[in-house]
Amino acid sequence: MTELSAPQRRAVNPWWVGWVAGMASFVDGAALVGTGLALVIYQQTIGLKPEEIGLLTSVLTFGVAVGAIIGGRLGDRFGRRRVFITTMLLIAVGATMATFGTQFPVIFAGIALMGIAIGADIPVSLSTIAEAATDENRGKILVLSNLLAGVGIGAAVLVATFTGGMGRAGAQAIFGMIAIVAVLVLVLRLSIPESASWTQARNERRSGIHTIRAERTRFRDLVKPPLRFPFLVLAAFFTLVSIPITLVSSYAAYIAANFAGVPVSQFSVFILLLVPLAIIVQYLFMRVVDTRFRLTFFLIGGVMFVAAYLIPVVFGVSLITLVAMILTSGFGTVFCGEPIFRVWVNEAFPTLLRSTGQGVIFSGARLVPALLLAPIPVLLTTSLPGFLIVMSVLAAVGVGIGWWGVRSGRMINEFDHETEPVDETAVSA
C-alpha cells in the first residue's frame with residue numbers, strides 16, 4: 001500500500017498528553033458539580049430566582065450535549081489542537097463571566113459558554129489522548145482521563161466546603177477555581193502538537209490515497225456498515241448505563257433526606273469520603289484495562305452495578321443501605337461505565353470520525369438522562385422501590401448490550417486496520 005510519510009515532529013510523552021488533555025474531564029466534573037453548589041449560594045446572596053436556577057442548570061447540561069456534537073465534528077475536520085486550545089480559552093472566559101457576573105443574563109451567558117466549550121473539548125481531547133498512546137497504554141491513559149473527572153468533583157466539593165459560608169465569595173471561589181484551572185491547562189496545551197494520526201489521515205485524503213481513515217469521514221458513514229454496528233452498540237450501551245448513574249446520583253441526597261431522614265450535610269460527608277476510594281479503584285482498573293482481563297472486570301463491574309440499586313429494595317432504605325448502594329454502583333461503573341466506554345469508543349472509529357462518533361454518543365448519553373430528571377421526584381413519591389428496580393433493569397440491559405457487542409467480534413480496533421485500503425465489499429454490505 002502506498003502511504004505518505006508522516007511529517008517529522010518532536011516526540012511527546014503520551015502520559016503527558018493524557019494528563020494535559022485529560023484535564024477536560026477535571027473541568028467537566030468540577031463544573032457540573034460546582035455549578036449546582038454555586039447557584040445555591042447565588043440564590044442566597046444575589047437573589048437568583050428558583051426558575052433562573054433551573055434554567056442555568058439546564059443550559060449547562062444541554063450546552064455540554066450540544067458542544068460535544070459540534071466540537072467532535074470540528075476536531076475531525078480542522079484538527080485536534082485548534083479545537084482543544086480554543087475550547088479551553090472559552091471555558092476560562094465563561095467561568096470568569098459566571099464568577100463576576102451579578103445579573104442573570106451575564107451568568108446565563110457565562111454558564112452556557114462554559115457548557116458548550118466543555119462538551120466540545122471532551123471528544124477532541126479523548127481522541128488526542130488515544131492517538132498519542134499505543135496499544136500497550138491507550139486504555140490506561142483513557143481511564144486516567146476519567147479519573148481526573150472524579151478529582152474535579154472532589155475539588156469543587158472541597159472549595160465549596162471551605163468557602164460556602166463566605167457568602168457570594170463562596171460561589172465566586174468555585175467558578176474562579178474552574179477559570180484558573182482552565183487558564184493553566186490552556187498554557188500547558190500549547191506544548192502539545194497536532195495529532196500525528198490526524199495529520200497523516202488528512203494528508204492521505206488530500207492526496208487521494210484510499211485508506212480506511214482517509215475515506216470514512218462523513219456523518220453518514222457512522223450509520224453504514226461496517227461502522228453502524230459499533231456506533232449503535234456503543235450509543236445504546238453508554239446511554240442506558242448513564243441513565244441510572246445520572247438519575248440516582250442527582251437525587252441521592254433527596255432520597256436520603258426524604259426517605260431515610262438523613263440531613264443533606266451528613267449524607268454529603270459520606271459521599272465525599274467515597275471519592276478517594278473511587279479514585280483508587282480507577283487506578284486499579286488502569287492496571288488491567290490493556291490486558292486480556294478487560295472483559296472479566298467489565299462483567300464483575302456489571303454485576304455490582306446492577307445489584308447495587310437492589311440493596312435498599314431488599315434491606316430497606318437507610319443511611320447504611322444508601323451509602324452501600326452508591327459505593328457498590330460507583331465501584332461497578334469504574335469497570336463497566338464511562339472508563340471502558342472511553343476506551344471502546346476511541347478504538348471503534350477511524351481517525352477522521354473518531355471525535356465525531358464519540359461526540360454524538362456522548363451528547364446523547366448526557367441529553368437523555370437530563371430529559372428524564374424533571375419527573376423523578378413524583379416517581380419517587382409513588383414508589384421508591386419501583387424506581388430503583390427500573391434503574392437496575394436499565395443497568396442490566398445496558399451492560400448486556402455492551403457485553404454482547406464486544407463479544408460478537410464485530411467491534412474491531414480501528415487503530416489496527418485504519419491504514420489499510422478501503423474494502424469496498426464491506427462498505428456496500
# chains A, B, ... in the order shown; residues from 1 in each chain; ligands from 1
>>> residues_around(residues="Leu240 of chain A", least_positions_apart="3", cutoff="8 Å", atoms="only C-alpha atoms", output="list in words")
Ala236, Phe237, Ile243, Pro244, Ala365, Leu394, Ala395, Val397 and Gly398 of chain A
>>> write_last_selection(atoms="C-alpha atoms", output="CSV table (one decimal), in the first residue's frame")
chain,number,residue,atom,x,y,z
A,236,ALA,CA,-27.2,2.1,23.4
A,237,PHE,CA,-24.7,0.8,26.0
A,243,ILE,CA,-29.5,6.9,32.9
A,244,PRO,CA,-29.3,5.2,36.3
A,365,ALA,CA,-25.8,10.0,26.9
A,394,LEU,CA,-31.8,-0.3,32.7
A,395,ALA,CA,-28.3,-1.0,34.1
A,397,VAL,CA,-29.8,-4.0,29.7
A,398,GLY,CA,-27.0,-1.5,29.1
>>> closest_residue(among="A:Ser268, A:Ile192, A:Glu215, A:Val40", to="Gly164 of chain A", atoms="only C-alpha atoms")
A:Val40
>>> residues_around(residues="segment 49-57 of chain A", least_positions_apart="5", cutoff="8 Å", atoms="only C-alpha atoms", output="list of chain:residue names")
A:Thr35, A:Gly36, A:Leu39, A:Val40, A:Gln43, A:Phe104, A:Phe108, A:Ile111, A:Ala112
>>> closest_residue(among="A:Val368, A:Val289, A:Leu299, A:Leu272", to="Leu327 of chain A", atoms="only C-alpha atoms")
A:Leu272
>>> closest_residue(among="A:Ile376, A:Ile70, A:Val360, A:Val269", to="Gly154 of chain A", atoms="only C-alpha atoms")
A:Val269
>>> residues_around(residues="segment 226-232 of chain A", least_positions_apart="3", cutoff="8 Å", atoms="only C-alpha atoms", output="PyMOL selection string")
chain A and resi 221-223+235-236+348-349+357+361+405+410-411+426-427+429
>>> residues_around(residues="Ala201 of chain A", least_positions_apart="3", cutoff="12 Å", atoms="only C-alpha atoms", output="number ranges by chain")
A: 3-7, 76-79, 131, 195-198, 204-217, 350-354, 418-420
>>> write_last_selection(atoms="C-alpha atoms", output="compact mmCIF listing (two decimals), in the first residue's frame")
# COMPACT_ATOMS: atom_id res chain seq x y z
CA GLU A 3 1.32 5.78 2.06
CA LEU A 4 2.55 9.29 2.70
CA SER A 5 5.34 9.72 5.15
CA ALA A 6 4.21 11.32 8.36
CA PRO A 7 5.74 14.75 8.94
CA ASP A 76 -12.16 15.74 12.88
CA ARG A 77 -12.35 18.39 10.18
CA PHE A 78 -9.90 21.03 11.37
CA GLY A 79 -7.58 19.23 13.76
CA GLU A 131 -3.90 8.86 19.09
CA SER A 195 -2.09 14.57 16.41
CA ALA A 196 0.22 12.72 14.01
CA SER A 197 -2.60 10.29 13.17
CA TRP A 198 -4.96 13.12 12.26
CA GLU A 204 -3.89 10.84 2.69
CA ARG A 205 -7.34 12.21 1.96
CA ARG A 206 -5.94 15.28 0.20
CA SER A 207 -3.62 13.10 -1.89
CA GLY A 208 -6.31 10.62 -2.91
CA ILE A 209 -4.86 7.67 -1.01
CA HIS A 210 -7.83 5.42 -0.29
CA THR A 211 -7.15 4.18 3.21
CA ILE A 212 -9.97 3.48 5.65
CA ARG A 213 -9.13 6.54 7.72
CA ALA A 214 -8.97 8.81 4.65
CA GLU A 215 -12.25 7.59 3.14
CA ARG A 216 -14.57 7.25 6.14
CA THR A 217 -15.05 10.85 7.19
CA PRO A 350 -11.15 5.65 12.31
CA THR A 351 -9.24 8.89 12.80
CA LEU A 352 -11.39 11.34 10.83
CA LEU A 353 -14.57 10.09 12.53
CA ARG A 354 -13.15 9.40 15.99
CA GLU A 418 -7.44 2.12 9.53
CA THR A 419 -4.26 2.43 7.44
CA GLU A 420 -5.41 -0.43 5.18
>>> closest_atom_pairs(of="segment 262-351 of chain A", to="segment 132-139 of chain A", cutoff="9 Å", atoms="only C-alpha atoms", output="JSON lines")
{"residue": "A:Met286", "atom": "CA", "partner": "A:Gly139", "partner_atom": "CA", "distance": 7.1}
{"residue": "A:Val288", "atom": "CA", "partner": "A:Gly139", "partner_atom": "CA", "distance": 8.8}
{"residue": "A:Val289", "atom": "CA", "partner": "A:Gly139", "partner_atom": "CA", "distance": 5.6}
{"residue": "A:Asp290", "atom": "CA", "partner": "A:Gly139", "partner_atom": "CA", "distance": 5.5}
{"residue": "A:Thr291", "atom": "CA", "partner": "A:Glu136", "partner_atom": "CA", "distance": 8.4}
{"residue": "A:Pro339", "atom": "CA", "partner": "A:Gly139", "partner_atom": "CA", "distance": 8.6}
{"residue": "A:Ile340", "atom": "CA", "partner": "A:Gly139", "partner_atom": "CA", "distance": 7.9}
{"residue": "A:Arg342", "atom": "CA", "partner": "A:Gly139", "partner_atom": "CA", "distance": 8.2}
{"residue": "A:Val343", "atom": "CA", "partner": "A:Gly139", "partner_atom": "CA", "distance": 5.6}
{"residue": "A:Trp344", "atom": "CA", "partner": "A:Gly139", "partner_atom": "CA", "distance": 8.8}
>>> write_last_selection(atoms="N, CA and C atoms", output="CSV table (one decimal), in the first residue's frame")
chain,number,residue,atom,x,y,z
A,286,MET,N,-6.8,0.8,35.8
A,286,MET,CA,-5.7,1.1,34.9
A,286,MET,C,-4.7,0.0,34.7
A,288,VAL,N,-5.3,-3.2,34.5
A,288,VAL,CA,-5.8,-4.4,33.8
A,288,VAL,C,-6.5,-4.0,32.5
A,289,VAL,N,-6.8,-2.7,32.3
A,289,VAL,CA,-7.7,-2.4,31.1
A,289,VAL,C,-7.0,-2.7,29.8
A,290,ASP,N,-5.7,-2.8,29.7
A,290,ASP,CA,-5.0,-3.1,28.5
A,290,ASP,C,-4.6,-4.6,28.4
A,291,THR,N,-5.2,-5.4,29.3
A,291,THR,CA,-4.8,-6.8,29.3
A,291,THR,C,-6.0,-7.6,28.9
A,339,PRO,N,-15.4,4.8,32.0
A,339,PRO,CA,-14.0,4.5,31.7
A,339,PRO,C,-13.8,3.5,30.6
A,340,ILE,N,-14.5,2.4,30.6
A,340,ILE,CA,-14.4,1.4,29.5
A,340,ILE,C,-15.0,2.0,28.2
A,342,ARG,N,-14.8,5.0,27.2
A,342,ARG,CA,-13.8,5.9,26.6
A,342,ARG,C,-12.8,5.1,25.8
A,343,VAL,N,-12.5,3.9,26.2
A,343,VAL,CA,-11.5,3.0,25.5
A,343,VAL,C,-12.2,2.5,24.3
A,344,TRP,N,-13.4,1.9,24.4
A,344,TRP,CA,-14.0,1.2,23.3
A,344,TRP,C,-14.4,2.2,22.2
>>> atom_distance(atom1="atom CA of Ala182 of chain A", atom2="atom CA of Met88 of chain A")
5.8 Å
>>> select_by_dssp(residues="segment 190-355 of chain A", states="alpha helix (DSSP H)", output="NGL selection string")
:A and (196-206 or 212-215 or 228-259 or 264-286 or 294-308 or 311-315 or 319-336 or 338-348 or 351-355)
